[in-house]
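The next block holds one structure in the form of structure tokens; read it before the comments.
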Amino acid sequence: MADTKREIERKYEATPETRLPDLTRVPGVSAVIDKGVAELDAVYYDTADLRLAAASITLRRRTGGDDAGWHLKLPVAPGVRDEITAPLSEQIPRTLTNLVRARTRDAEPAPVVRLLSSRDIRHLVDADGKLLAELSRDSVRAERLTDGGRTAAWDEIEVELADDGDPAFLDAVDKKLRKAGLKPAAAPSKLARALAETAPKAGKRATREGPAAEQPPGTATAEPAPDTAGAYILAYLREQRDALLAYDPAVRRDLPDSVHQMRVATRRLRSAFRSYRKIIDRAVTDPIGEELKWLAAELGVARDQEVLTERLKSRIDAVPRPLLLGPVRGRLRIWTVAHGSGSRRRAVAVLDSNRYLALLDSLDTLLADPPLLKAAGGAGARVIPKAILKDFDRLAARIDHALELPAGEARDLAMHDARKAAKRARYAGEAATPALGKAAKKFAKRMKAVQTVLGDHQDSVVAREALRNLAIQAHAAGESAFTWGLLYGQEQAQAAERERELPEVWHKAADPDLRAALAG
């Protein structure tokens with residue numbers, strides 16, 4: 001069983017002679033309580049090529065102190081990490097290895113560094129004795145556990161915010177410590193410093209780590225020149241690959257919006273492969289794109305059901321009580337359970353599959369040795385607009401086709417196709433923003449507006465189908481289908497409203513001056 005907490009802390013350089021200021025002068029601090037010294041023994045685990053460290057992830061087994069056990073720390077923001085803990089055991093708990101499987105894949109984490117820390121602990125408390133933060137003064141000795149490794153020693157000071165504390169309190173403590181002459185630690189974590197200071201000397205690197213040791217997977221061997229189209233698009237692709245990896249443990253932990261964000265990363269990658277096929281060879285990217293399509297579809301089973309359920313719930317909540325005829329909420333719960341049962345387990349099973357891990361390997365290989373075409377060497381400001389404008393033309397043709405059709409199923413399908421084209425054009429604009437600046441950012445914003453109108457229309461199409469099925473089920477069970485018909489009519493009216501909005505939104509998005517600005 002694993003527990004999770006949000007760790008928010010600041011680290012400072014120190015020496016044995018460093019003196020702390022009077023922290024009771026920090027606003028809100030009534031007393032500083034000495035909690036004694038704890039002797040901590042932590043062994044950090046990683047792959048031979050240090051993939052976890054490259055992603056700022058730490059996995060350790062620690063004894064001593066009041067939180068002995070296995071600790072996995074996942075980065076959230078600078079100075080903020082989620083810490084997942086599990087009880088002490090001889091082997092790494094599967095609950096933790098599963099959370100880093102996208103990083104380790106088939107490599108087995110093994111001991112790489114041991115840290116022995118003598119921790120002098122003090123609690124900063126308010127007038128009621130409530131803990132505000134824990135300050136620890138650590139004397140650390142690090143030992144590399146791989147061949148050729150060295151040892152290192154240093155002192156440091158940490159201030160960790162109490163659970164549910166106000167992060168602004170750390171700012172007040174920071175101000176006091178800096179005024180006393182303390183400086184923020186150069187390394188983001190003890191592990192990062194230990195790896196840097198205990199690394200084998202040049203020419204003595206451990207043979208089992210190999211020549212690529214301490215290099216993150218996916219590092220390119222030959223980079224395109226700065227400001228070229230290839231440099232900009234590769235940077236975007238790597239950003240999305242990194243997002244995919246970062247959201248993997250969040251999906252496994254069932255965190256809010258994680259499935260959606262991971263799915264967005266897959267779509268952005270696939271969209272970039274298509275939009276920028278003159279820059280990066282689609283003969284290589286097309287098979288990867290198909291695998292990304294598969295992953296997005298599998299993740300979508302849970303996400304689409306979640307979105308649809310929330311939409312229907314909000315509709316029911318807005319219906320006046322006299323118009324809620326029959327067990328409407330109960331019927332929706334039954335339908336939701338039937339359609340959503342096992343969806344999260346299915347998503348996790350996909351992330352544990354060999355097919356998914358092979359996809360990650362393919363992305364790393366692609367980005368390590370990118371199949372760039374001749375256009376990739378051209379200036380980004382000259383090459384990239386052509387791709388964006390081609391996506392715009394594709395969208396324009398689909399919008400025109402949809403608007404020419406009468407209301408009905410054919411128009412619904414055409415607007416759905418236009419929505420996908422709008423999303424692709426938007427992502428192309430987002431990818432181009434570092435190269436083209438405000439013009440690309442504005443273009444992406446306009447495409448998003450079009451996508452939103454078309455997306456809401458498609459959501460209504462899907463909702464109507466669900467409402468029709470719910471009405472059929474209610475009728476078959478002897479229940480009134482009146483409310484489901486009422487909601488169907490509301491969705492139909494909303495879809496018609498989106499169809500009326502589309503020409504105006506599209507006219508603004510199709511501004512020729514904006515396209516001229518993109519082309520320079």
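Labeling convention for the structure tokens: chains A, B, ... as they appear, residues from 1 per chain, ligands from 1 in order of appearance.
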Contacts of A:Gln91 at 12 Å (only C-alpha atoms; same-chain gap of 6+ positions) as a count of residues only = 10
Quick one: contact table of stretch 208-300 of chain A to stretch 383-401 of chain A, 8 Å max, nearest atom pair and distance in Å to one decimal per residue, counting only C-alpha atoms, chain and number order, as a tab-separated table?
```
residue	atom	partner	partner_atom	distance
A:Ala229	CA	A:Val383	CA	6.2
A:Ser275	CA	A:Ala387	CA	5.9
A:Tyr276	CA	A:Ala387	CA	6.1
A:Lys278	CA	A:Ala387	CA	7.9
```
As number ranges by chain, please: all residues of stretch 89-297 of chain A that backbone DSSP puts in strand (DSSP E).
-> A: 110-125, 131-144, 151-161
Of the residues A:Ala463, A:Leu124, A:Val26, A:Ala519, which is the one nearest to A:Ala432, using only C-alpha atoms?
->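 Distance minimum relative to A:Ala432 lands on A:Ala519.
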Could you give me, as a VMD selection string, each residue of stretch 240-388 of chain A that DSSP assigns to helix (DSSP H, G or I) when run on this structure's backbone?
-> chain A and resid 240 to 252 258 to 275 282 to 317 321 to 323 328 to 340 343 to 351 354 to 368 374 to 377 380 to 388
Hey, which of A:Ile280, A:Val32, A:Ala102, A:Val43 ends up closest to A:Val251? Count only C-alpha atoms.
-> A:Ala102
Residue contacts of A:Arg19 (12 Å, only C-alpha atoms) excluding same-chain residues fewer than 2 positions away, as a JSON list (two decimals) with N, CA, C and O atoms, in the first residue's frame:
```json
[["chain", "number", "residue", "atom", "x", "y", "z"],
["A", 13, "GLU", "N", 22.75, 26.10, 0.68],
["A", 13, "GLU", "CA", 24.13, 25.69, 0.93],
["A", 13, "GLU", "C", 24.47, 25.95, 2.39],
["A", 13, "GLU", "O", 23.96, 26.89, 3.01],
["A", 14, "ALA", "N", 25.34, 25.11, 2.95],
["A", 14, "ALA", "CA", 25.75, 25.31, 4.34],
["A", 14, "ALA", "C", 27.12, 24.70, 4.57],
["A", 14, "ALA", "O", 27.62, 23.91, 3.75],
["A", 15, "THR", "N", 27.73, 25.08, 5.65],
["A", 15, "THR", "CA", 28.98, 24.50, 6.14],
["A", 15, "THR", "C", 28.78, 24.22, 7.62],
["A", 15, "THR", "O", 27.80, 24.69, 8.23],
["A", 16, "PRO", "N", 29.67, 23.44, 8.22],
["A", 16, "PRO", "CA", 29.53, 23.21, 9.67],
["A", 16, "PRO", "C", 29.51, 24.50, 10.48],
["A", 16, "PRO", "O", 28.98, 24.52, 11.60],
["A", 17, "GLU", "N", 30.07, 25.58, 9.92],
["A", 17, "GLU", "CA", 30.12, 26.85, 10.66],
["A", 17, "GLU", "C", 28.90, 27.73, 10.42],
["A", 17, "GLU", "O", 28.76, 28.78, 11.06],
["A", 21, "PRO", "N", 19.78, 32.23, 11.63],
["A", 21, "PRO", "CA", 19.24, 33.42, 12.30],
["A", 21, "PRO", "C", 18.11, 33.05, 13.25],
["A", 21, "PRO", "O", 17.67, 31.89, 13.29],
["A", 22, "ASP", "N", 17.62, 34.01, 13.99],
["A", 22, "ASP", "CA", 16.50, 33.80, 14.90],
["A", 22, "ASP", "C", 15.21, 33.71, 14.06],
["A", 22, "ASP", "O", 14.69, 34.73, 13.60],
["A", 23, "LEU", "N", 14.72, 32.51, 13.89],
["A", 23, "LEU", "CA", 13.56, 32.30, 13.01],
["A", 23, "LEU", "C", 12.24, 32.62, 13.68],
["A", 23, "LEU", "O", 11.19, 32.60, 13.02],
["A", 137, "ARG", "N", 19.02, 20.45, 9.28],
["A", 137, "ARG", "CA", 20.41, 20.74, 8.95],
["A", 137, "ARG", "C", 21.10, 19.40, 8.76],
["A", 137, "ARG", "O", 21.22, 18.62, 9.71],
["A", 156, "GLU", "N", 24.04, 20.86, 4.21],
["A", 156, "GLU", "CA", 22.99, 21.65, 3.58],
["A", 156, "GLU", "C", 21.85, 21.85, 4.57],
["A", 156, "GLU", "O", 21.74, 21.15, 5.59],
["A", 157, "ILE", "N", 21.00, 22.81, 4.25],
["A", 157, "ILE", "CA", 19.84, 23.11, 5.08],
["A", 157, "ILE", "C", 18.59, 23.00, 4.22],
["A", 157, "ILE", "O", 18.57, 23.49, 3.09],
["A", 177, "LEU", "N", 16.52, 33.78, 5.83],
["A", 177, "LEU", "CA", 17.76, 33.02, 5.65],
["A", 177, "LEU", "C", 18.73, 33.72, 4.70],
["A", 177, "LEU", "O", 19.94, 33.76, 4.94],
["A", 178, "ARG", "N", 18.20, 34.27, 3.63],
["A", 178, "ARG", "CA", 19.08, 34.98, 2.68],
["A", 178, "ARG", "C", 19.70, 36.22, 3.34],
["A", 178, "ARG", "O", 20.86, 36.55, 3.10],
["A", 180, "ALA", "N", 20.51, 36.48, 6.27],
["A", 180, "ALA", "CA", 21.58, 36.00, 7.16],
["A", 180, "ALA", "C", 22.78, 35.47, 6.38],
["A", 180, "ALA", "O", 23.75, 34.99, 6.99],
["A", 181, "GLY", "N", 22.70, 35.52, 5.05],
["A", 181, "GLY", "CA", 23.84, 35.11, 4.23],
["A", 181, "GLY", "C", 23.75, 33.75, 3.60],
["A", 181, "GLY", "O", 24.65, 33.34, 2.85],
["A", 182, "LEU", "N", 22.67, 33.01, 3.82],
["A", 182, "LEU", "CA", 22.53, 31.69, 3.20],
["A", 182, "LEU", "C", 22.16, 31.84, 1.73],
["A", 182, "LEU", "O", 21.43, 32.76, 1.35]]
```
Non-local contacts of stretch 183-198 of chain A (6 Å; only C-alpha atoms; under 3 positions in same chain excluded) as a list in words =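 Residues near the query, excluding close chain neighbours: Lys11, Tyr12, Glu13, Ala142, Arg144, Gly149, Arg150 and Thr151 of chain A.
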Keeping only N, CA and C atoms, write the selected residues as a PDB file, in the first residue's frame.
```pdb
ATOM      1  N   LYS A  11      16.049  24.470  -0.429  1.00  0.00           N
ATOM      2  CA  LYS A  11      17.351  23.952   0.004  1.00  0.00           C
ATOM      3  C   LYS A  11      18.385  25.065  -0.045  1.00  0.00           C
ATOM      4  N   TYR A  12      19.343  25.014   0.885  1.00  0.00           N
ATOM      5  CA  TYR A  12      20.370  26.054   0.997  1.00  0.00           C
ATOM      6  C   TYR A  12      21.738  25.429   1.224  1.00  0.00           C
ATOM      7  N   GLU A  13      22.754  26.097   0.676  1.00  0.00           N
ATOM      8  CA  GLU A  13      24.133  25.688   0.926  1.00  0.00           C
ATOM      9  C   GLU A  13      24.475  25.954   2.385  1.00  0.00           C
ATOM     10  N   ALA A 142      28.149  10.951   0.787  1.00  0.00           N
ATOM     11  CA  ALA A 142      27.644  10.218  -0.372  1.00  0.00           C
ATOM     12  C   ALA A 142      28.685   9.221  -0.866  1.00  0.00           C
ATOM     13  N   ARG A 144      29.242   6.494  -4.125  1.00  0.00           N
ATOM     14  CA  ARG A 144      28.787   5.890  -5.385  1.00  0.00           C
ATOM     15  C   ARG A 144      28.917   4.379  -5.266  1.00  0.00           C
ATOM     16  N   GLY A 149      33.221   4.606  -8.812  1.00  0.00           N
ATOM     17  CA  GLY A 149      32.608   5.746  -8.155  1.00  0.00           C
ATOM     18  C   GLY A 149      33.439   6.272  -7.005  1.00  0.00           C
ATOM     19  N   ARG A 150      33.162   7.511  -6.621  1.00  0.00           N
ATOM     20  CA  ARG A 150      33.908   8.166  -5.549  1.00  0.00           C
ATOM     21  C   ARG A 150      32.962   8.509  -4.408  1.00  0.00           C
ATOM     22  N   THR A 151      33.497   9.189  -3.412  1.00  0.00           N
ATOM     23  CA  THR A 151      32.694   9.650  -2.286  1.00  0.00           C
ATOM     24  C   THR A 151      32.707  11.173  -2.257  1.00  0.00           C
TER      25      THR A 151
END
```
Stretch 280-355 of chain A near stretch 453-461 of chain A within 9 Å: what's each residue's closest atom pair and its distance in Å to one decimal, counting only C-alpha atoms, ordered by chain then ascending residue number, as a tab-separated table?
```
residue	atom	partner	partner_atom	distance
A:Val307	CA	A:Asp459	CA	8.9
A:Leu308	CA	A:Asp459	CA	7.7
A:Arg311	CA	A:Asp459	CA	8.8
```
Using only C-alpha atoms, find the one residue out of A:Leu324, A:Val337, A:Ala368, A:Ala431 that sits nearest to A:Trp484.
->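 Counting only C-alpha atoms, the residue closest to A:Trp484 is A:Leu324.
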When distances are computed from only C-alpha atoms, which of A:Gln451, A:Pro200, A:Ala231, A:Leu486 shows the smallest separation from A:Val319?
->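 Between A:Gln451, A:Pro200, A:Ala231, A:Leu486, the residue approaching A:Val319 most closely is A:Leu486.
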Exercise: A:Leu145 partners within 7 Å, only C-alpha atoms, chain neighbours under 6 positions left out, as a VMD selection string | chain A and resid 111 to 114
How would the residues just picked look written out with N, CA and C atoms as an mmCIF file, in the first residue's frame?
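out_5.cif written:
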```cif
data_model
loop_
_atom_site.group_PDB
_atom_site.id
_atom_site.type_symbol
_atom_site.label_atom_id
_atom_site.label_comp_id
_atom_site.auth_asym_id
_atom_site.auth_seq_id
_atom_site.Cartn_x
_atom_site.Cartn_y
_atom_site.Cartn_z
ATOM 1 N N PRO A 111 20.900 -0.278 -7.087
ATOM 2 C CA PRO A 111 21.528 0.736 -6.241
ATOM 3 C C PRO A 111 22.624 1.495 -6.994
ATOM 4 N N VAL A 112 22.604 2.816 -6.904
ATOM 5 C CA VAL A 112 23.632 3.628 -7.559
ATOM 6 C C VAL A 112 24.363 4.547 -6.581
ATOM 7 N N VAL A 113 23.672 5.016 -5.560
ATOM 8 C CA VAL A 113 24.275 5.941 -4.591
ATOM 9 C C VAL A 113 23.720 5.640 -3.204
ATOM 10 N N ARG A 114 24.611 5.751 -2.204
ATOM 11 C CA ARG A 114 24.174 5.647 -0.807
ATOM 12 C C ARG A 114 24.480 6.964 -0.111
#
```
Distance criterion (only C-alpha atoms): nearest to A:Thr266 out of A:Arg252, A:Arg241, A:His475, A:Lys445 =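 Of A:Arg252, A:Arg241, A:His475, A:Lys445, the one nearest A:Thr266, counting only C-alpha atoms, is A:Arg241.
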Which one is closest to A:Leu360: A:Ala243, A:Ala347, A:Ala476, A:Ala302? Count only C-alpha atoms.
-> A:Ala243
